[in-house]
file my_file_35.cif (mmCIF, C-alpha atoms)
data_structure
#
loop_
_atom_site.label_atom_id
_atom_site.label_comp_id
_atom_site.auth_asym_id
_atom_site.auth_seq_id
_atom_site.Cartn_x
_atom_site.Cartn_y
_atom_site.Cartn_z
CA MET A 1 -18.89 -11.23 3.05
CA ASN A 2 -17.05 -13.72 5.25
CA ILE A 3 -15.37 -12.30 8.36
CA LEU A 4 -12.85 -13.88 10.73
CA VAL A 5 -12.79 -12.78 14.38
CA LEU A 6 -9.68 -13.77 16.30
CA GLY A 7 -10.34 -14.05 20.03
CA ALA A 8 -13.52 -15.17 21.79
CA GLY A 9 -13.30 -12.95 24.85
CA ARG A 10 -15.69 -10.10 25.59
CA MET A 11 -14.61 -7.98 22.64
CA GLY A 12 -14.58 -10.92 20.25
CA HIS A 13 -18.10 -11.75 21.43
CA GLY A 14 -19.16 -8.15 20.80
CA ALA A 15 -17.67 -8.13 17.31
CA VAL A 16 -19.36 -11.41 16.34
CA PHE A 17 -22.68 -10.18 17.73
CA ASP A 18 -22.54 -7.03 15.62
CA LEU A 19 -21.47 -8.84 12.47
CA VAL A 20 -24.35 -11.27 12.79
CA ARG A 21 -27.07 -8.89 14.02
CA ASN A 22 -26.16 -5.70 12.16
CA GLY A 23 -24.16 -6.89 9.16
CA SER A 24 -26.75 -7.20 6.41
CA GLU A 25 -24.12 -8.33 3.91
CA VAL A 26 -22.31 -10.71 6.26
CA VAL A 27 -22.82 -14.28 5.08
CA SER A 28 -20.67 -16.08 7.64
CA VAL A 29 -18.45 -15.42 10.64
CA THR A 30 -15.66 -17.58 12.03
CA VAL A 31 -14.72 -16.98 15.66
CA ALA A 32 -11.36 -18.52 16.51
CA ASP A 33 -9.71 -18.92 19.90
CA ALA A 34 -7.13 -21.13 21.57
CA ASP A 35 -9.99 -22.27 23.81
CA LEU A 36 -12.53 -23.92 21.51
CA LYS A 37 -15.17 -23.93 24.24
CA LYS A 38 -15.09 -20.13 24.45
CA ALA A 39 -15.55 -19.90 20.68
CA GLU A 40 -18.44 -22.36 20.85
CA VAL A 41 -20.13 -20.30 23.57
CA VAL A 42 -19.87 -17.14 21.44
CA SER A 43 -21.36 -19.05 18.49
CA GLU A 44 -24.28 -20.26 20.60
CA LEU A 45 -24.94 -16.82 22.10
CA THR A 46 -25.00 -15.06 18.74
CA ASP A 47 -26.21 -17.18 15.83
CA ALA A 48 -24.94 -20.74 15.47
CA SER A 49 -26.32 -20.92 11.91
CA LYS A 50 -23.95 -18.15 10.79
CA VAL A 51 -21.06 -18.48 13.23
CA THR A 52 -18.44 -21.23 13.05
CA PRO A 53 -16.24 -21.79 16.11
CA HIS A 54 -12.63 -22.72 15.46
CA ARG A 55 -9.64 -23.60 17.63
CA ILE A 56 -6.42 -21.80 16.75
CA ASP A 57 -3.17 -20.65 18.28
CA VAL A 58 -2.62 -17.15 16.83
CA ALA A 59 1.13 -17.62 17.31
CA ASN A 60 1.05 -20.38 14.67
CA ASN A 61 1.47 -18.33 11.49
CA SER A 62 0.89 -21.23 9.12
CA ASP A 63 -2.46 -22.18 10.66
CA VAL A 64 -3.54 -18.55 10.86
CA ALA A 65 -2.66 -17.99 7.18
CA ASP A 66 -4.69 -21.03 6.14
CA LEU A 67 -7.69 -19.72 8.06
CA MET A 68 -7.39 -16.14 6.79
CA LYS A 69 -7.35 -17.22 3.13
CA SER A 70 -11.04 -18.11 3.16
CA HIS A 71 -12.15 -14.76 4.62
CA ASP A 72 -12.60 -11.25 3.27
CA ALA A 73 -11.49 -9.46 6.43
CA VAL A 74 -10.04 -10.19 9.86
CA ILE A 75 -10.80 -8.49 13.17
CA SER A 76 -8.13 -9.10 15.79
CA CYS A 77 -9.53 -9.11 19.33
CA VAL A 78 -6.48 -10.80 20.84
CA ASN A 79 -3.65 -9.26 22.88
CA TYR A 80 -1.93 -6.38 21.10
CA TRP A 81 1.48 -8.07 20.94
CA HIS A 82 0.13 -10.49 18.31
CA ASN A 83 -1.07 -7.75 15.96
CA LEU A 84 2.13 -7.10 14.02
CA GLU A 85 2.58 -10.75 12.99
CA LEU A 86 -1.13 -11.04 12.29
CA THR A 87 -0.89 -7.99 10.04
CA GLU A 88 2.01 -9.52 8.14
CA THR A 89 0.03 -12.73 7.71
CA ALA A 90 -3.04 -10.83 6.49
CA ILE A 91 -0.92 -9.03 3.89
CA SER A 92 0.51 -12.34 2.69
CA THR A 93 -3.00 -13.76 2.25
CA GLY A 94 -4.56 -10.59 0.79
CA THR A 95 -7.07 -10.24 3.63
CA HIS A 96 -8.29 -6.88 4.96
CA PHE A 97 -7.23 -6.44 8.59
CA CYS A 98 -8.22 -4.34 11.60
CA ASP A 99 -7.61 -4.68 15.33
CA LEU A 100 -8.38 -3.14 18.70
CA GLY A 101 -4.84 -1.82 19.12
CA GLY A 102 -3.46 -1.15 22.58
CA ASN A 103 0.18 -0.23 22.01
CA ASN A 104 1.63 2.71 20.09
CA TYR A 105 4.88 0.92 19.25
CA VAL A 106 3.03 -2.01 17.65
CA VAL A 107 0.84 0.38 15.67
CA ASP A 108 3.92 2.27 14.43
CA SER A 109 5.36 -1.04 13.17
CA GLN A 110 2.10 -1.95 11.48
CA LEU A 111 1.93 1.38 9.66
CA LYS A 112 5.44 0.79 8.30
CA LEU A 113 3.91 -2.07 6.30
CA ASN A 114 1.96 0.44 4.21
CA ASP A 115 3.76 -0.31 0.93
CA GLN A 116 3.33 -4.08 1.30
CA ALA A 117 -0.37 -3.74 2.14
CA LYS A 118 -0.91 -1.36 -0.77
CA ALA A 119 0.86 -3.76 -3.16
CA SER A 120 -1.51 -6.51 -1.98
CA GLY A 121 -4.50 -4.28 -2.69
CA LEU A 122 -5.86 -4.38 0.84
CA SER A 123 -6.50 -2.13 3.82
CA VAL A 124 -4.84 -2.49 7.22
CA ILE A 125 -6.35 -0.25 9.92
CA PRO A 126 -5.02 -0.60 13.49
CA ASP A 127 -6.57 0.82 16.68
CA CYS A 128 -10.24 0.38 15.73
CA GLY A 129 -11.78 0.16 19.19
CA LEU A 130 -13.12 2.96 21.37
CA ALA A 131 -10.10 5.05 22.36
CA PRO A 132 -8.06 4.86 20.30
CA GLY A 133 -10.53 4.21 17.52
CA MET A 134 -14.00 5.72 17.50
CA VAL A 135 -12.87 8.97 19.13
CA SER A 136 -10.14 9.45 16.52
CA ILE A 137 -12.75 9.27 13.77
CA LEU A 138 -14.99 11.70 15.69
CA ALA A 139 -12.03 14.08 16.01
CA MET A 140 -11.68 14.10 12.22
CA HIS A 141 -15.48 14.33 11.90
CA GLY A 142 -15.35 17.64 13.75
CA ALA A 143 -12.10 18.92 12.23
CA LYS A 144 -13.36 18.69 8.66
CA ARG A 145 -16.16 21.15 9.49
CA PHE A 146 -13.62 23.98 9.87
CA ASP A 147 -11.30 25.88 7.58
CA SER A 148 -8.66 25.69 10.31
CA VAL A 149 -8.50 23.90 13.67
CA ASP A 150 -6.88 25.20 16.85
CA GLU A 151 -7.75 22.60 19.50
CA ILE A 152 -8.93 18.99 19.80
CA HIS A 153 -9.87 17.60 23.22
CA LEU A 154 -10.88 13.94 23.74
CA ARG A 155 -12.50 12.72 26.98
CA VAL A 156 -13.50 9.06 27.41
CA GLY A 157 -14.38 6.82 30.33
CA GLY A 158 -15.78 3.37 31.05
CA LEU A 159 -17.58 3.53 34.41
CA PRO A 160 -19.78 1.39 36.66
CA GLN A 161 -23.41 2.44 36.77
CA ASN A 162 -23.32 1.76 40.52
CA PRO A 163 -19.87 2.84 41.77
CA LYS A 164 -18.48 1.31 44.95
CA PRO A 165 -15.58 2.50 47.09
CA PRO A 166 -12.66 2.70 47.38
CA LEU A 167 -12.04 3.30 43.64
CA ASP A 168 -15.60 3.85 42.33
CA TYR A 169 -14.51 1.79 39.33
CA GLN A 170 -14.99 -1.63 37.80
CA LEU A 171 -12.69 -3.58 35.51
CA VAL A 172 -14.11 -3.31 32.02
CA PHE A 173 -10.95 -4.52 30.24
CA SER A 174 -7.52 -5.98 31.03
CA VAL A 175 -6.08 -4.87 34.38
CA GLU A 176 -2.62 -4.80 32.76
CA GLY A 177 -3.98 -2.47 30.12
CA LEU A 178 -5.43 -0.24 32.83
CA ILE A 179 -2.10 -0.02 34.66
CA ASN A 180 -0.29 0.76 31.39
CA GLU A 181 -2.67 3.64 30.69
CA TYR A 182 -2.07 5.02 34.17
CA ILE A 183 1.74 4.82 34.32
CA GLU A 184 2.99 5.39 30.76
CA PRO A 185 3.32 8.97 29.44
CA ALA A 186 0.53 10.57 27.45
CA ARG A 187 1.37 11.82 23.94
CA VAL A 188 -0.18 15.20 23.14
CA ILE A 189 0.28 18.32 21.03
CA ARG A 190 1.21 21.42 23.01
CA ASP A 191 1.94 24.79 21.40
CA GLY A 192 1.92 23.09 18.02
CA LYS A 193 4.54 20.48 18.97
CA VAL A 194 4.28 16.81 19.95
CA ALA A 195 5.05 16.39 23.65
CA GLU A 196 4.78 13.82 26.42
CA VAL A 197 2.86 14.50 29.64
CA GLU A 198 2.91 12.47 32.84
CA SER A 199 -0.23 10.37 33.20
CA MET A 200 -2.67 10.91 36.09
CA THR A 201 -1.98 14.64 36.12
CA GLU A 202 -3.85 17.82 35.09
CA ILE A 203 -7.15 16.79 36.68
CA GLU A 204 -10.16 18.74 35.45
CA ALA A 205 -13.82 18.76 36.46
CA LEU A 206 -16.30 17.42 33.95
CA GLU A 207 -20.10 17.43 33.84
CA PHE A 208 -22.57 15.18 32.04
CA ALA A 209 -26.28 15.79 32.63
CA GLY A 210 -27.72 13.27 35.07
CA PHE A 211 -24.36 12.17 36.48
CA PRO A 212 -22.56 13.02 39.72
CA GLU A 213 -19.32 14.99 39.73
CA LEU A 214 -16.77 13.61 37.31
CA GLU A 215 -13.10 14.21 36.67
CA ALA A 216 -10.78 13.72 33.71
CA PHE A 217 -7.00 13.32 33.76
CA GLN A 218 -4.11 12.53 31.43
CA THR A 219 -3.57 8.87 30.49
CA SER A 220 -1.53 7.21 27.76
CA GLY A 221 -2.59 5.62 24.48
CA GLY A 222 -5.82 7.45 23.71
CA THR A 223 -4.38 9.81 21.10
CA SER A 224 -2.78 6.98 19.10
CA THR A 225 -1.82 8.38 15.66
CA LEU A 226 -3.67 11.69 16.07
CA PRO A 227 -0.58 13.71 17.10
CA ASP A 228 1.12 12.69 13.85
CA THR A 229 -2.00 13.26 11.76
CA PHE A 230 -2.64 16.74 13.17
CA LEU A 231 0.95 17.91 13.70
CA GLY A 232 1.34 21.30 12.05
CA LYS A 233 -2.45 21.67 11.85
CA VAL A 234 -3.48 22.31 15.48
CA LYS A 235 -1.99 24.06 18.48
CA THR A 236 -3.44 21.71 21.10
CA LEU A 237 -4.55 18.07 21.11
CA ASP A 238 -5.03 15.91 24.20
CA TYR A 239 -6.84 12.90 25.60
CA LYS A 240 -8.04 12.39 29.17
CA THR A 241 -9.77 9.51 30.93
CA ILE A 242 -13.09 10.14 32.69
CA ARG A 243 -13.69 8.77 36.20
CA TYR A 244 -15.88 9.55 39.19
CA LYS A 245 -14.42 12.36 41.29
CA GLY A 246 -11.54 11.31 43.57
CA HIS A 247 -10.47 8.20 41.65
CA CYS A 248 -7.29 9.70 40.22
CA ASN A 249 -5.76 10.80 43.53
CA ARG A 250 -6.59 7.50 45.24
CA PHE A 251 -5.05 5.40 42.48
CA LYS A 252 -2.06 7.68 41.97
CA ALA A 253 -1.17 7.38 45.66
CA MET A 254 -0.68 3.65 45.11
CA ILE A 255 1.45 4.30 42.03
CA ASP A 256 3.59 6.77 43.97
CA LEU A 257 4.07 4.17 46.72
CA GLY A 258 5.49 1.72 44.15
CA PHE A 259 2.57 -0.66 43.78
CA CYS A 260 2.90 -0.54 39.97
CA SER A 261 6.66 -1.09 39.90
CA SER A 262 7.93 -3.97 37.74
CA GLU A 263 11.20 -4.11 39.70
CA GLU A 264 11.58 -7.34 41.64
CA MET A 265 11.69 -7.01 45.43
CA ASP A 266 12.92 -9.33 48.16
CA ILE A 267 11.02 -9.55 51.42
CA ASN A 268 11.98 -12.15 54.01
CA GLY A 269 13.85 -14.12 51.38
CA LYS A 270 10.94 -14.24 48.95
CA ALA A 271 11.04 -12.45 45.59
CA PHE A 272 7.99 -10.77 44.13
CA VAL A 273 7.07 -8.06 41.63
CA PRO A 274 4.80 -5.36 43.12
CA ARG A 275 2.94 -4.77 39.88
CA LYS A 276 1.95 -8.43 39.56
CA VAL A 277 0.73 -8.55 43.14
CA PHE A 278 -1.17 -5.30 42.75
CA ALA A 279 -2.77 -6.49 39.49
CA GLY A 280 -3.87 -9.66 41.26
CA LEU A 281 -5.37 -7.66 44.12
CA LEU A 282 -7.27 -5.43 41.69
CA GLU A 283 -8.67 -8.47 39.87
CA ARG A 284 -9.70 -10.01 43.19
CA ASN A 285 -11.21 -6.95 44.85
CA VAL A 286 -12.47 -4.58 42.13
CA PRO A 287 -15.86 -5.48 40.59
CA SER A 288 -15.89 -6.57 36.96
CA ASP A 289 -19.40 -7.78 36.21
CA GLY A 290 -21.74 -4.93 37.15
CA LEU A 291 -23.72 -2.85 34.70
CA ASP A 292 -21.42 -0.33 33.05
CA LEU A 293 -21.62 2.82 30.95
CA VAL A 294 -19.31 4.67 28.60
CA LEU A 295 -19.02 8.45 28.36
CA VAL A 296 -17.41 10.20 25.39
CA ARG A 297 -16.82 13.89 24.75
CA VAL A 298 -14.94 15.21 21.73
CA GLU A 299 -14.42 18.96 21.44
CA VAL A 300 -13.01 20.62 18.32
CA VAL A 301 -12.25 24.34 18.30
CA GLY A 302 -11.53 26.14 15.03
CA SER A 303 -12.70 28.77 12.59
CA LYS A 304 -14.99 28.74 9.58
CA ALA A 305 -15.25 31.66 7.17
CA GLY A 306 -13.25 33.76 9.61
CA LYS A 307 -15.54 33.01 12.58
CA ALA A 308 -14.29 31.15 15.68
CA SER A 309 -16.47 28.23 16.76
CA LYS A 310 -16.55 24.98 18.70
CA ILE A 311 -18.21 21.62 17.97
CA THR A 312 -18.84 19.13 20.76
CA PHE A 313 -19.80 15.47 20.29
CA ASP A 314 -21.17 13.58 23.31
CA ILE A 315 -22.02 9.90 23.64
CA ILE A 316 -23.63 8.23 26.64
CA ASP A 317 -23.95 4.48 26.17
CA LYS A 318 -25.12 1.97 28.78
CA ALA A 319 -24.96 -1.80 29.08
CA ASP A 320 -27.68 -3.49 27.03
CA GLU A 321 -29.38 -5.90 29.40
CA SER A 322 -31.56 -7.30 26.61
CA THR A 323 -28.51 -8.64 24.74
CA GLY A 324 -26.12 -9.12 27.65
CA LEU A 325 -23.58 -6.80 26.04
CA SER A 326 -21.75 -4.32 28.23
CA ALA A 327 -21.36 -0.72 27.13
CA MET A 328 -17.62 -1.30 26.71
CA MET A 329 -18.29 -4.28 24.43
CA ARG A 330 -20.62 -2.20 22.29
CA MET A 331 -18.36 0.83 22.16
CA THR A 332 -15.14 -1.10 21.51
CA ALA A 333 -16.17 -4.09 19.40
CA PHE A 334 -18.91 -2.48 17.30
CA PRO A 335 -16.56 0.13 15.74
CA ALA A 336 -14.13 -2.63 14.70
CA SER A 337 -17.01 -4.59 13.16
CA ILE A 338 -18.23 -1.49 11.32
CA ILE A 339 -14.76 -0.81 9.92
CA ALA A 340 -14.24 -4.43 8.82
CA GLN A 341 -17.53 -4.30 6.92
CA MET A 342 -16.66 -0.93 5.40
CA MET A 343 -13.37 -2.33 4.12
CA VAL A 344 -15.00 -5.31 2.43
CA ARG A 345 -17.93 -3.30 1.11
CA GLY A 346 -15.61 -0.82 -0.59
CA ASP A 347 -16.44 2.18 1.62
CA VAL A 348 -12.74 2.32 2.47
CA THR A 349 -11.07 3.24 -0.82
CA GLN A 350 -7.57 3.88 0.49
CA ARG A 351 -5.27 0.87 0.30
CA GLY A 352 -2.29 0.27 2.55
CA ALA A 353 -1.72 0.48 6.31
CA VAL A 354 -3.46 3.70 7.30
CA PRO A 355 -4.69 5.34 10.55
CA GLN A 356 -8.43 5.10 11.02
CA GLU A 357 -8.96 8.87 11.15
CA ILE A 358 -7.54 9.11 7.63
CA ALA A 359 -9.00 5.94 6.09
CA ILE A 360 -12.57 6.03 7.41
CA ASP A 361 -15.32 8.29 6.06
CA SER A 362 -16.67 9.77 9.28
CA ASP A 363 -20.16 10.50 7.95
CA THR A 364 -20.70 6.86 7.02
CA PHE A 365 -19.18 5.71 10.32
CA VAL A 366 -21.41 7.95 12.47
CA LYS A 367 -24.47 6.79 10.51
CA GLU A 368 -23.51 3.17 11.24
CA LEU A 369 -23.14 3.99 14.95
CA GLY A 370 -26.66 5.43 14.96
CA ALA A 371 -28.03 2.26 13.40
CA ARG A 372 -26.70 0.45 16.48
CA ARG A 373 -28.30 2.93 18.90
CA ILE A 374 -24.96 4.56 19.66
CA VAL A 375 -26.13 8.14 19.39
CA VAL A 376 -23.66 10.96 18.79
CA ILE A 377 -25.12 14.16 20.25
CA GLU A 378 -23.74 17.22 18.46
CA ARG A 379 -23.66 20.71 19.91
#
call {"tool": "encode", "arguments": {"input": "my_file_35.cif", "output": "structure tokens"}}
result
Amino acid sequence: MNILVLGAGRMGHGAVFDLVRNGSEVVSVTVADADLKKAEVVSELTDASKVTPHRIDVANNSDVADLMKSHDAVISCVNYWHNLELTETAISTGTHFCDLGGNNYVVDSQLKLNDQAKASGLSVIPDCGLAPGMVSILAMHGAKRFDSVDEIHLRVGGLPQNPKPPLDYQLVFSVEGLINEYIEPARVIRDGKVAEVESMTEIEALEFAGFPELEAFQTSGGTSTLPDTFLGKVKTLDYKTIRYKGHCNRFKAMIDLGFCSSEEMDINGKAFVPRKVFAGLLERNVPSDGLDLVLVRVEVVGSKAGKASKITFDIIDKADESTGLSAMMRMTAFPASIIAQMMVRGDVTQRGAVPQEIAIDSDTFVKELGARRIVVIER
């Protein structure tokens, strides 16, 4: 199989690495970026004999279409606002498509292309990263064990192995994406109905063996399509972000003071946008290159043969110093690579634009995670 990876940043690097190192049926990989040098570096760091760097502007539909035609599947690791047009281009060229998501409105628009994708005989699966992505598949992995499901709880966090004050956090992905997660409403199911909850609220204590005190709180985006998939089937579904204890209150104080406002302000005759300044300060002062780890907990409560029960899936993944891949790269890019290979291999039988929790066979997916030393601990 021949796979195209759009974007040569951290996640693009992670996807190419997995395709080359763990894709036994992958013959060639093209990594394309507006910055050719970045693509060349990814090629050199993975396997130059299999990986071809390419310069491309993903906003140029004609060039992108020409490149897609020679590939079996595309993994988009570029900014989410490109994904709808890239999906349309993939449908026009008959190329399987998946991405890392990042915006519910874009995903909704992609899923509306279901009929076109189905007519082209291909699969389009948005939101194939960590959360949304892997955790959505794990939610379905647990749900299918029961006759009926009452509750689904998702808890996910990317954390520094060596936290430093004042936030005990390090930037493991886009700072703009982080702010969005913290200020936009969280979409949940409450009392059997879809509802919105204010982010950075409902703090709860959380424990993982071998770790200091942790907390989890509401943030946006992590549930993705799950509220629609499980509406009418569960009473409760929610997603919370995991951080070291105290992070939420410290960051929320800055939000409450207006640091994340996009409204232009005038001070001493000079205009500025608080959010842009704050984002710049975070990028300047919050670490981004230390060793990281990712924690995942998925709890599914239901009944089987009339007996109430609960299944819990835990994952603890740490940066791989031997390969130079961060935990967030492994846990975000590897799932997208797995899904792209499953689409081409025929493991994904459903055609059209479909949510990952519906399209992906969870047993196969979890087995593929294990082959990459991403171990799902079941209790």
call {"tool": "residues_near_point", "arguments": {"input": "my_file_35.cif", "point": "(-20.4, 11.1, 23.4)", "cutoff": "9 Å", "atoms": "only C-alpha atoms", "output": "ChimeraX atom specification"}}
result
/A:135,155-156,294-298,312-317,374-378
call {"tool": "resolve_selection", "arguments": {"input": "my_file_35.cif", "expression": "the PyMOL selection byres ((chain A and resi 265-278) around 12)", "output": "ChimeraX atom specification"}}
result
/A:175-176,178-180,183,251,254-255,257-264,279-286
call {"tool": "closest_residue", "arguments": {"input": "my_file_35.cif", "among": "A:Val16, A:Val300, A:Leu6, A:Met1", "to": "Leu237 in chain A", "atoms": "all atoms listed in the file"}}
result
A:Val300
call {"tool": "atom_distance", "arguments": {"input": "my_file_35.cif", "atom1": "CA of Gly7 in chain A", "atom2": "CA of Ala32 in chain A"}}
result
5.8 Å
call {"tool": "atom_distance", "arguments": {"input": "my_file_35.cif", "atom1": "CA of Thr87 in chain A", "atom2": "CA of Ile125 in chain A"}}
result
9.5 Å
call {"tool": "decode", "arguments": {"input": "my_file_35.cif", "residues": "range 115-200 of chain A", "atoms": "C-alpha atoms", "output": "PDB file, in the first residue's frame"}}
result
ATOM      1  CA  ASP A 115     -23.295   9.690   0.239  1.00  0.00           C
ATOM      2  CA  GLN A 116     -20.535  11.050  -2.001  1.00  0.00           C
ATOM      3  CA  ALA A 117     -17.860   8.991  -0.237  1.00  0.00           C
ATOM      4  CA  LYS A 118     -20.015   5.871  -0.415  1.00  0.00           C
ATOM      5  CA  ALA A 119     -20.641   6.411  -4.143  1.00  0.00           C
ATOM      6  CA  SER A 120     -16.865   6.618  -4.638  1.00  0.00           C
ATOM      7  CA  GLY A 121     -16.414   3.325  -2.791  1.00  0.00           C
ATOM      8  CA  LEU A 122     -14.117   4.720  -0.132  1.00  0.00           C
ATOM      9  CA  SER A 123     -13.971   5.367   3.599  1.00  0.00           C
ATOM     10  CA  VAL A 124     -13.664   8.802   5.211  1.00  0.00           C
ATOM     11  CA  ILE A 125     -13.009   8.689   8.969  1.00  0.00           C
ATOM     12  CA  PRO A 126     -12.410  11.997  10.783  1.00  0.00           C
ATOM     13  CA  ASP A 127     -11.042  12.482  14.323  1.00  0.00           C
ATOM     14  CA  CYS A 128      -8.569   9.588  14.334  1.00  0.00           C
ATOM     15  CA  GLY A 129      -6.095  10.856  16.913  1.00  0.00           C
ATOM     16  CA  LEU A 130      -6.092  10.314  20.665  1.00  0.00           C
ATOM     17  CA  ALA A 131      -9.121  12.187  21.989  1.00  0.00           C
ATOM     18  CA  PRO A 132     -11.182  12.294  19.941  1.00  0.00           C
ATOM     19  CA  GLY A 133     -10.068   9.107  18.262  1.00  0.00           C
ATOM     20  CA  MET A 134      -8.596   6.210  20.191  1.00  0.00           C
ATOM     21  CA  VAL A 135     -10.793   6.790  23.253  1.00  0.00           C
ATOM     22  CA  SER A 136     -13.943   6.762  21.110  1.00  0.00           C
ATOM     23  CA  ILE A 137     -13.021   3.315  19.814  1.00  0.00           C
ATOM     24  CA  LEU A 138     -12.258   2.143  23.365  1.00  0.00           C
ATOM     25  CA  ALA A 139     -15.674   3.435  24.463  1.00  0.00           C
ATOM     26  CA  MET A 140     -17.312   1.226  21.839  1.00  0.00           C
ATOM     27  CA  HIS A 141     -14.920  -1.608  22.760  1.00  0.00           C
ATOM     28  CA  GLY A 142     -16.385  -1.569  26.264  1.00  0.00           C
ATOM     29  CA  ALA A 143     -19.988  -0.852  25.286  1.00  0.00           C
ATOM     30  CA  LYS A 144     -20.273  -3.901  23.044  1.00  0.00           C
ATOM     31  CA  ARG A 145     -19.545  -6.162  26.038  1.00  0.00           C
ATOM     32  CA  PHE A 146     -22.917  -5.282  27.596  1.00  0.00           C
ATOM     33  CA  ASP A 147     -26.546  -5.912  26.758  1.00  0.00           C
ATOM     34  CA  SER A 148     -27.274  -2.328  27.779  1.00  0.00           C
ATOM     35  CA  VAL A 149     -25.050   0.616  28.762  1.00  0.00           C
ATOM     36  CA  ASP A 150     -25.823   3.257  31.379  1.00  0.00           C
ATOM     37  CA  GLU A 151     -22.645   5.351  31.592  1.00  0.00           C
ATOM     38  CA  ILE A 152     -19.481   6.099  29.611  1.00  0.00           C
ATOM     39  CA  HIS A 153     -16.716   8.191  31.188  1.00  0.00           C
ATOM     40  CA  LEU A 154     -13.566   9.221  29.274  1.00  0.00           C
ATOM     41  CA  ARG A 155     -10.503  10.679  31.029  1.00  0.00           C
ATOM     42  CA  VAL A 156      -7.389  11.659  29.049  1.00  0.00           C
ATOM     43  CA  GLY A 157      -4.321  13.783  29.697  1.00  0.00           C
ATOM     44  CA  GLY A 158      -0.953  14.603  28.162  1.00  0.00           C
ATOM     45  CA  LEU A 159       1.424  15.502  30.996  1.00  0.00           C
ATOM     46  CA  PRO A 160       5.099  16.281  31.608  1.00  0.00           C
ATOM     47  CA  GLN A 161       7.018  13.527  33.356  1.00  0.00           C
ATOM     48  CA  ASN A 162       8.749  16.247  35.388  1.00  0.00           C
ATOM     49  CA  PRO A 163       6.135  18.961  36.077  1.00  0.00           C
ATOM     50  CA  LYS A 164       7.273  22.499  36.800  1.00  0.00           C
ATOM     51  CA  PRO A 165       5.294  25.369  38.315  1.00  0.00           C
ATOM     52  CA  PRO A 166       3.244  27.435  37.884  1.00  0.00           C
ATOM     53  CA  LEU A 167       1.073  25.220  35.623  1.00  0.00           C
ATOM     54  CA  ASP A 168       2.737  21.795  36.045  1.00  0.00           C
ATOM     55  CA  TYR A 169       2.154  21.364  32.316  1.00  0.00           C
ATOM     56  CA  GLN A 170       4.041  21.340  29.042  1.00  0.00           C
ATOM     57  CA  LEU A 171       2.805  22.141  25.558  1.00  0.00           C
ATOM     58  CA  VAL A 172       2.358  18.839  23.757  1.00  0.00           C
ATOM     59  CA  PHE A 173       0.248  20.266  20.898  1.00  0.00           C
ATOM     60  CA  SER A 174      -0.951  23.616  19.531  1.00  0.00           C
ATOM     61  CA  VAL A 175      -1.417  26.313  22.182  1.00  0.00           C
ATOM     62  CA  GLU A 176      -4.461  27.562  20.238  1.00  0.00           C
ATOM     63  CA  GLY A 177      -5.915  24.082  20.430  1.00  0.00           C
ATOM     64  CA  LEU A 178      -5.294  24.014  24.171  1.00  0.00           C
ATOM     65  CA  ILE A 179      -7.084  27.339  24.692  1.00  0.00           C
ATOM     66  CA  ASN A 180     -10.017  26.158  22.553  1.00  0.00           C
ATOM     67  CA  GLU A 181     -10.390  23.039  24.696  1.00  0.00           C
ATOM     68  CA  TYR A 182     -10.397  25.156  27.839  1.00  0.00           C
ATOM     69  CA  ILE A 183     -12.864  27.873  26.808  1.00  0.00           C
ATOM     70  CA  GLU A 184     -15.390  26.212  24.483  1.00  0.00           C
ATOM     71  CA  PRO A 185     -18.309  24.237  25.984  1.00  0.00           C
ATOM     72  CA  ALA A 186     -18.085  20.496  26.474  1.00  0.00           C
ATOM     73  CA  ARG A 187     -20.713  18.337  24.758  1.00  0.00           C
ATOM     74  CA  VAL A 188     -22.024  15.520  26.959  1.00  0.00           C
ATOM     75  CA  ILE A 189     -25.035  13.305  27.572  1.00  0.00           C
ATOM     76  CA  ARG A 190     -26.879  14.032  30.812  1.00  0.00           C
ATOM     77  CA  ASP A 191     -30.053  12.229  31.871  1.00  0.00           C
ATOM     78  CA  GLY A 192     -30.222  10.682  28.419  1.00  0.00           C
ATOM     79  CA  LYS A 193     -30.089  14.020  26.579  1.00  0.00           C
ATOM     80  CA  VAL A 194     -27.286  15.844  24.763  1.00  0.00           C
ATOM     81  CA  ALA A 195     -26.216  18.896  26.768  1.00  0.00           C
ATOM     82  CA  GLU A 196     -23.425  21.458  26.930  1.00  0.00           C
ATOM     83  CA  VAL A 197     -21.334  21.989  30.065  1.00  0.00           C
ATOM     84  CA  GLU A 198     -18.943  24.837  30.801  1.00  0.00           C
ATOM     85  CA  SER A 199     -15.324  23.761  30.409  1.00  0.00           C
ATOM     86  CA  MET A 200     -12.911  23.784  33.365  1.00  0.00           C
TER      87      MET A 200
END
